[in-house]
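Q: Below you'll find run.txt; it's compact mmCIF, C-alpha atoms.
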```txt
# COMPACT_ATOMS: atom_id res chain seq x y z
CA MET A 16 101.95 101.13 99.97
CA ALA A 17 99.70 104.12 99.41
CA THR A 18 98.38 106.08 102.37
CA ALA A 19 94.76 105.43 101.42
CA SER A 20 95.27 101.65 101.22
CA VAL A 21 97.12 101.54 104.53
CA MET A 22 94.47 103.59 106.29
CA SER A 23 91.73 101.48 104.68
CA LEU A 24 93.46 98.30 105.82
CA MET A 25 93.76 99.64 109.33
CA LYS A 26 90.10 100.64 109.52
CA ASP A 27 88.48 97.70 107.71
CA ALA A 28 90.56 94.60 107.10
CA VAL A 29 92.78 94.86 110.17
CA PRO A 30 90.76 95.94 113.20
CA GLY A 31 93.62 94.78 115.41
CA ILE A 32 96.07 97.31 114.02
CA GLN A 33 94.87 100.11 116.24
CA PRO A 34 93.69 98.39 119.41
CA VAL A 35 95.49 100.86 121.63
CA ILE A 36 93.75 103.78 119.97
CA ASN A 37 90.36 102.09 119.90
CA GLU A 38 90.66 101.31 123.58
CA ALA A 39 90.67 105.06 124.12
CA SER A 40 87.05 105.25 122.94
CA GLY A 41 85.99 104.49 126.50
CA GLU A 42 88.71 106.58 128.06
CA VAL A 43 90.22 109.96 127.49
CA LEU A 44 93.97 110.08 127.05
CA ASP A 45 95.79 112.69 129.08
CA THR A 46 96.93 115.74 127.16
CA ASP A 47 99.59 116.81 129.63
CA ASP A 48 103.22 117.21 128.57
CA PHE A 49 105.70 114.36 128.61
CA ASN A 50 106.69 113.62 132.19
CA PRO A 51 109.55 111.14 132.72
CA LYS A 52 108.22 110.21 136.16
CA LYS A 53 104.88 109.24 134.65
CA HIS A 54 105.76 108.06 131.15
CA LEU A 55 109.07 106.22 131.59
CA ASP A 56 109.36 102.61 132.77
CA PHE A 57 113.08 102.18 132.29
CA LYS A 58 114.89 98.99 133.15
CA PHE A 59 118.55 98.64 132.17
CA PRO A 60 119.15 96.09 129.38
CA SER A 61 120.16 92.59 130.45
CA LYS A 62 123.20 92.75 128.17
CA ILE A 63 125.03 95.25 125.99
CA HIS A 64 126.98 93.72 123.11
CA THR A 65 130.24 95.40 122.14
CA MET A 66 131.77 95.85 118.70
CA ALA A 67 134.37 93.28 119.74
CA ASP A 68 131.55 90.78 120.45
CA LEU A 69 130.60 91.13 116.78
CA ASN A 70 134.24 90.73 115.70
CA LEU A 71 134.38 94.36 114.65
CA PRO A 72 137.28 96.66 115.62
CA ALA A 73 136.47 98.51 118.84
CA ASP A 74 137.46 101.81 117.24
CA THR A 75 135.23 101.34 114.17
CA GLY A 76 132.58 103.81 115.32
CA VAL A 77 132.12 106.44 117.99
CA SER A 78 131.73 103.95 120.85
CA SER A 79 132.73 100.41 121.75
CA VAL A 80 129.02 99.58 122.12
CA ALA A 81 127.38 97.72 119.22
CA VAL A 82 123.83 96.91 120.31
CA SER A 83 121.80 96.41 123.45
CA GLU A 84 119.34 93.68 124.26
CA PRO A 85 115.74 94.98 124.36
CA PHE A 86 114.93 96.98 127.49
CA HIS A 87 111.82 98.51 129.02
CA LEU A 88 111.60 102.22 128.30
CA PHE A 89 108.01 103.56 128.11
CA THR A 90 104.77 103.00 130.00
CA GLU A 91 101.59 101.86 128.27
CA GLU A 92 100.18 105.37 128.61
CA ALA A 93 103.21 106.81 126.79
CA VAL A 94 102.81 104.29 123.94
CA LYS A 95 99.12 105.19 123.62
CA ARG A 96 99.99 108.88 123.39
CA MET A 97 102.65 108.28 120.75
CA ARG A 98 100.41 106.03 118.66
CA ALA A 99 97.60 108.58 118.81
CA GLU A 100 99.89 111.23 117.35
CA ILE A 101 101.31 108.90 114.70
CA PHE A 102 97.85 108.01 113.37
CA ARG A 103 96.76 111.60 112.86
CA GLN A 104 95.47 112.14 109.35
CA GLU A 105 97.78 115.09 108.69
CA VAL A 106 100.81 112.93 109.46
CA TRP A 107 99.81 110.35 106.84
CA GLU A 108 98.87 113.01 104.31
CA ASN A 109 102.10 114.99 104.60
CA CYS A 110 104.82 112.72 105.96
CA GLN A 111 104.48 109.27 104.37
CA TYR A 112 107.34 107.83 102.29
CA SER A 113 108.26 104.52 100.68
CA SER A 114 111.40 103.11 99.08
CA ASN A 115 112.99 99.96 97.75
CA LEU A 116 114.18 99.31 101.32
CA ALA A 117 110.83 99.66 103.10
CA GLN A 118 107.25 99.99 101.87
CA CYS A 119 105.73 102.36 104.40
CA GLN A 120 107.47 104.98 106.54
CA LEU A 121 106.50 108.20 108.29
CA ARG A 122 109.22 110.85 108.56
CA GLY A 123 109.78 114.42 109.63
CA PHE A 124 106.44 114.81 111.42
CA ALA A 125 107.35 115.11 115.09
CA ALA A 126 108.24 118.80 115.36
CA LYS A 127 105.08 119.93 113.52
CA TYR A 128 102.40 117.33 114.26
CA ALA A 129 103.46 115.29 117.32
CA PRO A 130 104.39 117.46 120.32
CA PHE A 131 104.37 114.58 122.80
CA VAL A 132 106.65 112.43 120.61
CA TYR A 133 108.94 115.40 120.00
CA ASP A 134 109.25 116.18 123.72
CA VAL A 135 110.03 112.53 124.52
CA TRP A 136 113.21 112.53 122.44
CA LYS A 137 114.30 115.98 123.59
CA ASP A 138 113.93 115.18 127.29
CA PRO A 139 117.19 115.13 129.29
CA SER A 140 116.14 111.97 131.15
CA VAL A 141 115.60 110.05 127.91
CA LEU A 142 118.83 111.39 126.41
CA GLY A 143 120.66 110.34 129.56
CA ILE A 144 119.31 106.80 129.31
CA ILE A 145 120.23 106.42 125.64
CA SER A 146 123.67 107.96 126.15
CA ASN A 147 124.41 105.72 129.12
CA ILE A 148 123.60 102.59 127.13
CA ALA A 149 125.50 103.83 124.05
CA GLY A 150 128.61 104.66 126.05
CA VAL A 151 128.85 108.18 124.60
CA GLU A 152 126.87 111.37 125.17
CA LEU A 153 124.33 111.66 122.38
CA VAL A 154 121.80 114.18 121.06
CA PRO A 155 119.10 113.73 118.41
CA GLU A 156 120.65 113.86 114.95
CA MET A 157 118.23 116.58 113.86
CA ASP A 158 114.53 117.32 114.27
CA PHE A 159 113.64 115.70 110.95
CA GLU A 160 115.02 112.36 112.20
CA ILE A 161 113.05 112.30 115.46
CA ALA A 162 110.68 109.31 115.48
CA HIS A 163 111.04 107.86 111.98
CA ILE A 164 108.27 105.24 111.76
CA ASN A 165 108.51 101.86 109.98
CA ILE A 166 105.13 100.22 109.37
CA SER A 167 104.22 96.71 108.24
CA VAL A 168 100.53 95.75 108.20
CA LYS A 169 98.47 92.81 107.01
CA SER A 170 94.88 91.62 107.24
CA GLU A 171 93.71 88.83 109.53
CA GLU A 172 93.42 86.64 106.41
CA GLN A 173 97.02 87.36 105.39
CA LYS A 174 98.19 86.71 108.93
CA ALA A 175 96.44 83.31 108.99
CA GLU A 176 97.77 82.34 105.54
CA GLU A 177 101.35 83.19 106.53
CA LEU A 178 101.12 81.20 109.77
CA GLU A 179 99.68 78.20 107.93
CA ALA A 180 102.46 78.36 105.31
CA PHE A 181 105.04 78.62 108.10
CA ARG A 182 103.63 75.56 109.87
CA ASP A 183 103.50 73.57 106.63
CA ARG A 184 107.08 74.46 105.78
CA SER A 185 108.29 73.62 109.28
CA LEU A 186 106.56 70.21 109.19
CA THR A 187 107.97 69.45 105.73
CA GLU A 188 111.51 70.34 106.74
CA ALA A 189 111.18 68.32 109.94
CA ASP A 190 109.82 65.25 108.10
CA GLU A 191 112.43 65.39 105.34
CA GLY A 192 115.34 66.47 107.51
CA ILE A 193 116.10 69.54 105.43
CA ALA A 194 116.37 73.25 106.09
CA GLY A 195 115.97 75.85 103.40
CA CYS A 196 116.53 79.58 103.39
CA PRO A 197 115.18 81.08 106.66
CA TRP A 198 111.55 82.13 106.06
CA GLU A 199 112.05 85.54 107.65
CA ASP A 200 114.81 86.32 105.16
CA ASP A 201 112.38 86.10 102.20
CA LYS A 202 110.61 89.42 102.73
CA PRO A 203 112.37 91.55 105.35
CA ILE A 204 110.51 94.55 106.72
CA VAL A 205 113.61 96.67 106.12
CA ASP A 206 116.27 95.14 103.89
CA TRP A 207 120.04 95.01 104.53
CA HIS A 208 121.43 98.46 105.18
CA THR A 209 123.61 100.60 107.36
CA ASP A 210 122.08 103.65 108.97
CA SER A 211 122.95 107.15 107.87
CA TYR A 212 123.56 108.17 111.48
CA PRO A 213 125.85 106.87 114.26
CA PHE A 214 123.26 105.55 116.73
CA VAL A 215 119.56 104.74 116.67
CA CYS A 216 117.04 103.87 119.36
CA VAL A 217 114.36 101.53 117.99
CA THR A 218 111.14 101.48 120.03
CA MET A 219 108.32 98.97 119.51
CA LEU A 220 104.82 100.45 119.35
CA SER A 221 102.95 97.23 118.53
CA ASP A 222 101.69 94.34 120.62
CA CYS A 223 104.18 91.53 119.94
CA THR A 224 102.67 88.92 122.27
CA SER A 225 101.86 86.45 119.48
CA MET A 226 104.57 87.55 117.06
CA ILE A 227 106.99 85.05 115.54
CA GLY A 228 110.26 86.52 114.28
CA GLY A 229 110.77 90.26 113.99
CA GLU A 230 114.40 90.15 115.13
CA THR A 231 117.20 92.39 113.94
CA ALA A 232 119.91 90.55 112.00
CA LEU A 233 123.45 91.92 112.34
CA ARG A 234 126.38 91.23 110.04
CA THR A 235 129.53 90.39 112.03
CA GLY A 236 133.12 91.20 111.21
CA ASN A 237 133.97 87.57 110.42
CA GLY A 238 131.15 87.19 107.89
CA GLY A 239 128.51 85.68 110.12
CA VAL A 240 125.02 86.85 111.00
CA VAL A 241 123.68 87.15 114.55
CA LYS A 242 120.15 88.02 115.59
CA VAL A 243 119.01 90.28 118.40
CA ARG A 244 115.48 89.55 119.55
CA GLY A 245 112.90 92.20 118.84
CA PRO A 246 111.56 94.40 121.63
CA GLN A 247 108.06 94.12 123.09
CA MET A 248 105.62 97.03 123.14
CA GLY A 249 107.12 99.98 124.99
CA CYS A 250 110.58 98.43 124.89
CA ALA A 251 113.58 99.60 122.88
CA VAL A 252 116.96 98.63 121.45
CA VAL A 253 120.00 100.90 121.05
CA LEU A 254 122.15 100.16 118.00
CA GLN A 255 125.29 101.74 116.52
CA GLY A 256 123.75 101.25 113.12
CA ARG A 257 126.02 103.47 111.04
CA TYR A 258 128.82 100.95 111.35
CA ILE A 259 126.94 97.62 111.39
CA GLU A 260 125.07 96.12 108.44
CA HIS A 261 121.66 95.04 109.68
CA GLN A 262 118.19 94.01 108.60
CA ALA A 263 114.73 94.13 110.21
CA LEU A 264 113.44 90.61 109.75
CA ARG A 265 109.93 89.62 108.80
CA ALA A 266 107.44 88.89 111.57
CA LEU A 267 104.47 86.50 111.62
CA GLY A 268 101.51 86.17 113.94
CA ALA A 269 100.58 89.84 114.13
CA THR A 270 98.63 92.20 111.91
CA GLU A 271 101.03 95.04 112.48
CA ARG A 272 104.62 95.83 113.30
CA ILE A 273 105.22 99.48 114.00
CA THR A 274 108.61 100.69 115.18
CA MET A 275 109.79 104.18 116.03
CA VAL A 276 113.41 104.91 115.14
CA THR A 277 115.11 108.02 116.49
CA SER A 278 118.64 108.76 115.29
CA PHE A 279 121.45 110.20 117.40
CA ARG A 280 124.91 111.67 116.99
CA PRO A 281 127.66 112.48 119.53
CA LYS A 282 127.11 115.77 121.33
CA SER A 283 130.79 116.72 121.52
CA HIS A 284 132.37 118.51 118.58
CA THR A 285 135.59 116.61 119.31
CA VAL A 286 134.05 113.27 118.30
CA LYS A 287 134.01 112.35 114.63
CA ASP A 288 130.76 112.71 112.72
CA ASP A 289 130.47 110.11 109.94
CA THR A 290 126.86 110.98 109.12
CA VAL A 291 125.85 110.30 105.52
CA LEU A 292 122.52 110.95 103.83
CA THR A 293 122.58 107.95 101.49
CA THR A 294 119.62 106.08 102.93
CA VAL A 295 117.51 109.13 103.80
CA ARG A 296 117.84 111.52 100.84
CA PRO A 297 115.30 109.66 98.66
CA ILE A 298 112.72 109.52 101.47
CA SER A 299 112.92 113.07 102.79
CA ASN A 300 111.82 116.62 102.27
CA LEU A 301 115.21 117.70 100.94
CA SER A 302 114.76 121.33 101.94
CA GLU A 303 114.25 120.38 105.60
CA LEU A 304 116.85 117.61 105.59
CA TYR A 305 119.59 119.67 103.95
CA CYS A 306 118.91 122.75 106.09
CA GLN A 307 119.05 120.85 109.39
CA PHE A 308 122.04 118.75 108.32
CA SER A 309 123.95 121.87 107.24
CA GLU A 310 123.03 123.79 110.38
CA TYR A 311 124.33 121.25 112.88
CA ARG A 312 127.45 120.50 110.80
CA LEU A 313 128.29 124.20 110.63
CA GLU A 314 127.69 124.44 114.39
CA ILE A 315 130.25 121.66 114.89
CA LEU A 316 132.70 123.52 112.66
CA GLU A 317 132.05 126.75 114.56
CA GLU A 318 132.74 125.05 117.90
CA ARG A 319 135.94 123.50 116.58
CA ILE A 320 137.19 126.83 115.25
CA ARG A 321 136.43 128.58 118.53
CA ALA A 322 138.26 125.87 120.47
CA GLN A 323 141.25 126.11 118.13
CA ARG A 324 141.32 129.88 118.39
CA LYS A 325 141.16 129.69 122.19
CA ALA A 326 144.08 127.25 122.26
CA MET A 327 146.13 129.54 120.02
CA ARG A 328 145.47 132.56 122.24
CA GLU A 329 146.37 130.64 125.39
CA ASN A 330 149.63 129.46 123.86
CA GLU A 331 150.45 133.01 122.78
CA SER A 332 149.72 134.41 126.25
CA ARG A 333 152.11 131.85 127.73
CA GLY A 334 154.83 132.88 125.33
CA LYS A 335 154.83 129.63 123.43
CA LYS A 336 156.00 129.43 119.82
CA PHE A 337 153.24 129.29 117.23
CA ASN A 338 152.63 125.67 116.27
CA THR A 339 152.32 125.82 112.49
CA LYS A 340 152.17 122.06 112.05
CA MET A 341 149.30 121.71 114.53
CA LEU A 342 147.21 124.41 112.84
CA LYS A 343 147.80 122.99 109.37
CA THR A 344 146.69 119.57 110.63
CA PHE A 345 143.56 121.18 112.07
CA LEU A 346 142.82 122.98 108.79
CA CYS A 347 143.25 119.77 106.78
CA GLU A 348 140.83 117.97 109.09
CA GLN A 349 138.22 120.71 108.61
CA GLU A 350 138.73 120.68 104.86
CA THR A 351 137.92 116.96 104.93
CA PHE A 352 134.92 117.67 107.14
CA LEU A 353 133.57 120.27 104.69
CA ALA A 354 134.29 118.14 101.63
CA HIS A 355 132.32 115.29 103.18
CA MET A 356 129.45 117.65 103.92
CA ASN A 357 129.51 118.97 100.36
CA ARG A 358 129.35 115.43 98.92
CA GLU A 359 126.27 114.62 100.96
CA LEU A 360 124.38 117.67 99.66
CA VAL A 361 123.50 116.12 96.31
CA ASP A 362 121.67 118.48 93.95
CA ASP A 363 117.91 118.09 94.32
CA ASP A 364 117.35 117.17 90.67
CA LEU A 365 119.84 114.29 90.96
CA VAL A 366 117.97 112.60 93.82
CA THR A 367 115.56 109.87 92.73
CA LYS A 368 112.61 109.64 95.09
CA GLY A 369 112.31 106.29 96.83
CA CYS A 370 115.43 104.80 95.24
CA ILE A 371 118.22 103.93 97.69
CA ASP A 372 121.36 102.45 96.15
CA ASP A 373 123.74 100.02 97.87
CA SER A 374 126.67 102.42 98.36
CA HIS A 375 125.97 102.45 102.11
CA LEU A 376 126.66 98.71 102.39
CA PHE A 377 130.12 97.44 103.31
CA SER A 378 130.06 93.79 102.28
CA GLY A 379 129.39 91.88 99.10
CA PHE A 380 127.21 89.60 101.23
CA ALA A 381 124.67 92.32 102.00
CA LYS A 382 124.73 93.66 98.44
CA ASN A 383 124.11 90.20 97.01
CA LYS A 384 121.31 89.53 99.50
CA ARG A 385 119.54 92.72 98.48
CA LYS A 386 119.83 91.83 94.78
CA ARG A 387 118.51 88.31 95.38
CA ILE A 388 115.48 89.50 97.34
CA ALA A 389 114.77 92.30 94.88
```
Kindly transcribe the structure held in the file into structure tokens.

A:
Amino acid sequence: MATASVMSLMKDAVPGIQPVINEASGEVLDTDDFNPKKHLDFKFPSKIHTMADLNLPADTGVSSVAVSEPFHLFTEEAVKRMRAEIFRQEVWENCQYSSNLAQCQLRGFAAKYAPFVYDVWKDPSVLGIISNIAGVELVPEMDFEIAHINISVKSEEQKAEELEAFRDRSLTEADEGIAGCPWEDDKPIVDWHTDSYPFVCVTMLSDCTSMIGGETALRTGNGGVVKVRGPQMGCAVVLQGRYIEHQALRALGATERITMVTSFRPKSHTVKDDTVLTTVRPISNLSELYCQFSEYRLEILEERIRAQRKAMRENESRGKKFNTKMLKTFLCEQETFLAHMNRELVDDDLVTKGCIDDSHLFSGFAKNKRKRIA
């Protein structure tokens, strides 16, 4: 969806899409920096589902945690501030992307255009909350992946038509005792995929009071599909999305669904980093993406080499025999690490803008679903 049409829809056909911002016409939003005491409203999730709960091996990823139930994270004031920055004209003009997975996304804008949003996801209190839920100490994947925005909008007329069609279908199925393909599976907001990065925190920035659907569907290890209910405004979900096939399901009853997705990786250089760029290459400024990806990967390598060198020196000072086998194992691991990194840095002219293939999917189920919907 083109920027102009989205902005036109927001201003004209869908007055409800920016109620939070319009409400500010009679009030002035604070311009102070992010303050966790003022802007956080954290309540621990009611349940955290493990990889084992989804019939996936506990050692599949970087943590035994699969996904949390939605939990309160931000105050209304914080959501207003984030929305105000997201709807800046320069963000839409310079940072909007679309693909065969999702029609409208905003990416790579936080560091340059959204100081409040950027500070939120760099704050130690927020990082502590996300890490505690994830079961592993995390840091933002890179600046470019702070606050990726997924946007789905519709007019009041479209909203009413969809609700009427949903009611008609429900009545027909009830009268005839049949059940067809789930309605929300017809046009997902984001189709079946795995994330490029180990963990994500998905935050809802829309009013979901009257919303029907909007859950996240997760593919289990035994071939089933489970759904995690969508968060309410200011609430979030933590998901180990690199290792779980999932889909953002369609939502009815609202003129907008805007989610903020911030990606995370383990802080420690001793934890594996399975980051791929498959789903983000075609919807990114490659210069920024490749530079930041290369920088943090080389930092990991640097830390590993320093740690290895320190261990060698300590062993030598204690008079221990040089462990050739251990060093060769270390070198092989780093060769694999570098080879993986090299594969992800696809030449710019070989990247097709907006076209994400299915190589990131694990199962034939998800691949077939994507083909059917396409």

Q: One number please: CA of Val43 (chain A) to CA of Leu88 (chain A), in Å, one decimal.

A: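 Between CA of Val43 (chain A) and CA of Leu88 (chain A) the gap works out to 22.8 Å.
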
Q: Calculate how many Å separate CA of Gln118 (chain A) from CA of Val168 (chain A), rounding to one decimal.

A: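 Pair CA of Gln118 (chain A) / CA of Val168 (chain A) returns 10.2 Å.
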
Q: Dig up all the protein and nucleic acid residues within 12 Å of (120.6, 105.6, 116.8) in the file frame, using all atoms listed in the file, and format them as a PyMOL selection string.

A: chain A and resi 77-78+80-83+136+142+145-146+148-149+151-157+160-163+209-218+251-259+275-281+290

Q: A:Met248, A:Leu55, A:Cys223, A:Val240: which is nearest Arg98 (chain A), counting all atoms listed in the file?

A: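 The closest residue to Arg98 (chain A) is A:Met248.
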
Q: Which residue out of A:Lys287, A:Lys368, A:Lys343, A:Arg324 has the minimum interatomic distance to Gly76 (chain A) when only C-alpha atoms are used?

A: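 Between A:Lys287, A:Lys368, A:Lys343, A:Arg324, the residue approaching Gly76 (chain A) most closely is A:Lys287.
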
Q: Which is closest to Pro130 (chain A) among A:Gly229, A:Thr46, A:Val241, A:Lys58, if we use all atoms listed in the file?

A: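 The answer is A:Thr46, which sits nearest to Pro130 (chain A).
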
Q: What's around region 345-349 of chain A at 10 Å? Count all atoms listed in the file, leave out sequence neighbours fewer than 6 positions away in its own chain, and write the answer as a list in words.

A: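 Skipping anything fewer than 6 positions along the chain leaves Leu316, Arg319, Ile320, Gln323, Thr339 and His355 of chain A.
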
Q: Could the residues in this selection be written to a file with C-alpha atoms, as a JSON list (two decimals), in the coordinates of the input?

A:
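Final output, saved to selection.json:
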```json
[["chain", "number", "residue", "atom", "x", "y", "z"],
["A", 316, "LEU", "CA", 132.70, 123.52, 112.66],
["A", 319, "ARG", "CA", 135.94, 123.50, 116.58],
["A", 320, "ILE", "CA", 137.19, 126.83, 115.25],
["A", 323, "GLN", "CA", 141.25, 126.11, 118.13],
["A", 339, "THR", "CA", 152.32, 125.82, 112.49],
["A", 355, "HIS", "CA", 132.32, 115.29, 103.18]]
```

Q: Kindly indicate which residue among A:Leu264, A:Ile166, A:Val291, A:Met97 lies nearest to Gly249 (chain A), using all atoms listed in the file for the distances.

A: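 Ranked by minimum distance to Gly249 (chain A), first place goes to A:Met97.
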
Q: Pick the closest to Asp363 (chain A) from A:Val132, A:Cys119, A:Leu304, A:Val106: which is it, counting only C-alpha atoms?

A: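 For Asp363 (chain A), the nearest of the candidates is A:Leu304.
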
Q: Rounded to one decimal place, report the CA of Asn300 (chain A)-CA of Asp206 (chain A) distance in Å.

A: 22.0 Å

Q: Please return as number ranges by chain every residue within 12 Å of (107.3, 117.4, 114.1), taking into account all atoms listed in the file and the file's own coordinates.

A: A: 100-101, 105-106, 109-110, 121-137, 157-163, 303

Q: Pick out the closest residue to Val286 (chain A) from this set: A:Glu359, A:Glu318, A:Glu310, A:Glu172. Count only C-alpha atoms.

A: A:Glu318

Q: With all heavy atoms retained, output region 55-63 of chain A as a PDB file, in the first residue's frame.

A:
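After the write, decode05.pdb holds the following:
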```
ATOM      1  N   LEU A  55       6.297   3.183  32.135  1.00  0.00           N
ATOM      2  CA  LEU A  55       6.087   1.734  32.190  1.00  0.00           C
ATOM      3  C   LEU A  55       4.925   1.395  33.112  1.00  0.00           C
ATOM      4  O   LEU A  55       4.746   2.013  34.165  1.00  0.00           O
ATOM      5  CB  LEU A  55       7.347   1.019  32.677  1.00  0.00           C
ATOM      6  CG  LEU A  55       8.549   0.959  31.734  1.00  0.00           C
ATOM      7  CD1 LEU A  55       9.662   0.120  32.344  1.00  0.00           C
ATOM      8  CD2 LEU A  55       8.161   0.409  30.362  1.00  0.00           C
ATOM      9  N   ASP A  56       4.144   0.403  32.698  1.00  0.00           N
ATOM     10  CA  ASP A  56       3.042  -0.128  33.513  1.00  0.00           C
ATOM     11  C   ASP A  56       3.130  -1.646  33.452  1.00  0.00           C
ATOM     12  O   ASP A  56       2.210  -2.333  33.005  1.00  0.00           O
ATOM     13  CB  ASP A  56       1.698   0.373  32.963  1.00  0.00           C
ATOM     14  CG  ASP A  56       0.520  -0.134  33.779  1.00  0.00           C
ATOM     15  OD1 ASP A  56       0.699  -0.375  34.991  1.00  0.00           O
ATOM     16  OD2 ASP A  56      -0.573  -0.317  33.206  1.00  0.00           O
ATOM     17  N   PHE A  57       4.258  -2.174  33.889  1.00  0.00           N
ATOM     18  CA  PHE A  57       4.562  -3.587  33.700  1.00  0.00           C
ATOM     19  C   PHE A  57       3.843  -4.475  34.697  1.00  0.00           C
ATOM     20  O   PHE A  57       3.837  -4.218  35.903  1.00  0.00           O
ATOM     21  CB  PHE A  57       6.059  -3.814  33.814  1.00  0.00           C
ATOM     22  CG  PHE A  57       6.449  -5.270  33.782  1.00  0.00           C
ATOM     23  CD1 PHE A  57       6.154  -6.059  32.691  1.00  0.00           C
ATOM     24  CD2 PHE A  57       7.102  -5.854  34.863  1.00  0.00           C
ATOM     25  CE1 PHE A  57       6.492  -7.402  32.648  1.00  0.00           C
ATOM     26  CE2 PHE A  57       7.463  -7.191  34.840  1.00  0.00           C
ATOM     27  CZ  PHE A  57       7.152  -7.964  33.734  1.00  0.00           C
ATOM     28  N   LYS A  58       3.235  -5.518  34.155  1.00  0.00           N
ATOM     29  CA  LYS A  58       2.660  -6.584  34.966  1.00  0.00           C
ATOM     30  C   LYS A  58       3.113  -7.902  34.345  1.00  0.00           C
ATOM     31  O   LYS A  58       2.938  -8.115  33.146  1.00  0.00           O
ATOM     32  CB  LYS A  58       1.136  -6.499  34.999  1.00  0.00           C
ATOM     33  CG  LYS A  58       0.605  -5.247  35.697  1.00  0.00           C
ATOM     34  CD  LYS A  58      -0.915  -5.199  35.677  1.00  0.00           C
ATOM     35  CE  LYS A  58      -1.428  -3.961  36.396  1.00  0.00           C
ATOM     36  NZ  LYS A  58      -0.978  -2.706  35.773  1.00  0.00           N
ATOM     37  N   PHE A  59       3.675  -8.778  35.147  1.00  0.00           N
ATOM     38  CA  PHE A  59       4.243 -10.026  34.636  1.00  0.00           C
ATOM     39  C   PHE A  59       3.169 -10.848  33.937  1.00  0.00           C
ATOM     40  O   PHE A  59       2.013 -10.892  34.384  1.00  0.00           O
ATOM     41  CB  PHE A  59       4.862 -10.831  35.778  1.00  0.00           C
ATOM     42  CG  PHE A  59       5.882 -11.834  35.322  1.00  0.00           C
ATOM     43  CD1 PHE A  59       7.179 -11.443  35.053  1.00  0.00           C
ATOM     44  CD2 PHE A  59       5.531 -13.166  35.131  1.00  0.00           C
ATOM     45  CE1 PHE A  59       8.124 -12.366  34.620  1.00  0.00           C
ATOM     46  CE2 PHE A  59       6.459 -14.093  34.699  1.00  0.00           C
ATOM     47  CZ  PHE A  59       7.768 -13.680  34.443  1.00  0.00           C
ATOM     48  N   PRO A  60       3.512 -11.490  32.806  1.00  0.00           N
ATOM     49  CA  PRO A  60       2.507 -12.274  32.072  1.00  0.00           C
ATOM     50  C   PRO A  60       1.911 -13.391  32.912  1.00  0.00           C
ATOM     51  O   PRO A  60       2.579 -13.978  33.763  1.00  0.00           O
ATOM     52  CB  PRO A  60       3.298 -12.825  30.880  1.00  0.00           C
ATOM     53  CG  PRO A  60       4.738 -12.687  31.238  1.00  0.00           C
ATOM     54  CD  PRO A  60       4.824 -11.511  32.139  1.00  0.00           C
ATOM     55  N   SER A  61       0.636 -13.685  32.647  1.00  0.00           N
ATOM     56  CA  SER A  61      -0.074 -14.713  33.412  1.00  0.00           C
ATOM     57  C   SER A  61       0.510 -16.097  33.178  1.00  0.00           C
ATOM     58  O   SER A  61       0.429 -16.970  34.032  1.00  0.00           O
ATOM     59  CB  SER A  61      -1.560 -14.714  33.032  1.00  0.00           C
ATOM     60  OG  SER A  61      -1.726 -14.979  31.635  1.00  0.00           O
ATOM     61  N   LYS A  62       1.112 -16.297  31.995  1.00  0.00           N
ATOM     62  CA  LYS A  62       1.719 -17.590  31.688  1.00  0.00           C
ATOM     63  C   LYS A  62       2.809 -17.411  30.653  1.00  0.00           C
ATOM     64  O   LYS A  62       2.700 -16.553  29.766  1.00  0.00           O
ATOM     65  CB  LYS A  62       0.669 -18.578  31.159  1.00  0.00           C
ATOM     66  CG  LYS A  62       1.211 -19.975  30.864  1.00  0.00           C
ATOM     67  CD  LYS A  62       0.120 -20.938  30.486  1.00  0.00           C
ATOM     68  CE  LYS A  62       0.658 -22.316  30.109  1.00  0.00           C
ATOM     69  NZ  LYS A  62       1.420 -22.958  31.204  1.00  0.00           N
ATOM     70  N   ILE A  63       3.865 -18.202  30.777  1.00  0.00           N
ATOM     71  CA  ILE A  63       4.929 -18.249  29.778  1.00  0.00           C
ATOM     72  C   ILE A  63       4.991 -19.673  29.241  1.00  0.00           C
ATOM     73  O   ILE A  63       5.217 -20.625  29.996  1.00  0.00           O
ATOM     74  CB  ILE A  63       6.289 -17.839  30.381  1.00  0.00           C
ATOM     75  CG1 ILE A  63       6.244 -16.378  30.834  1.00  0.00           C
ATOM     76  CG2 ILE A  63       7.405 -18.040  29.351  1.00  0.00           C
ATOM     77  CD1 ILE A  63       7.517 -15.906  31.522  1.00  0.00           C
TER      78      ILE A  63
END
```
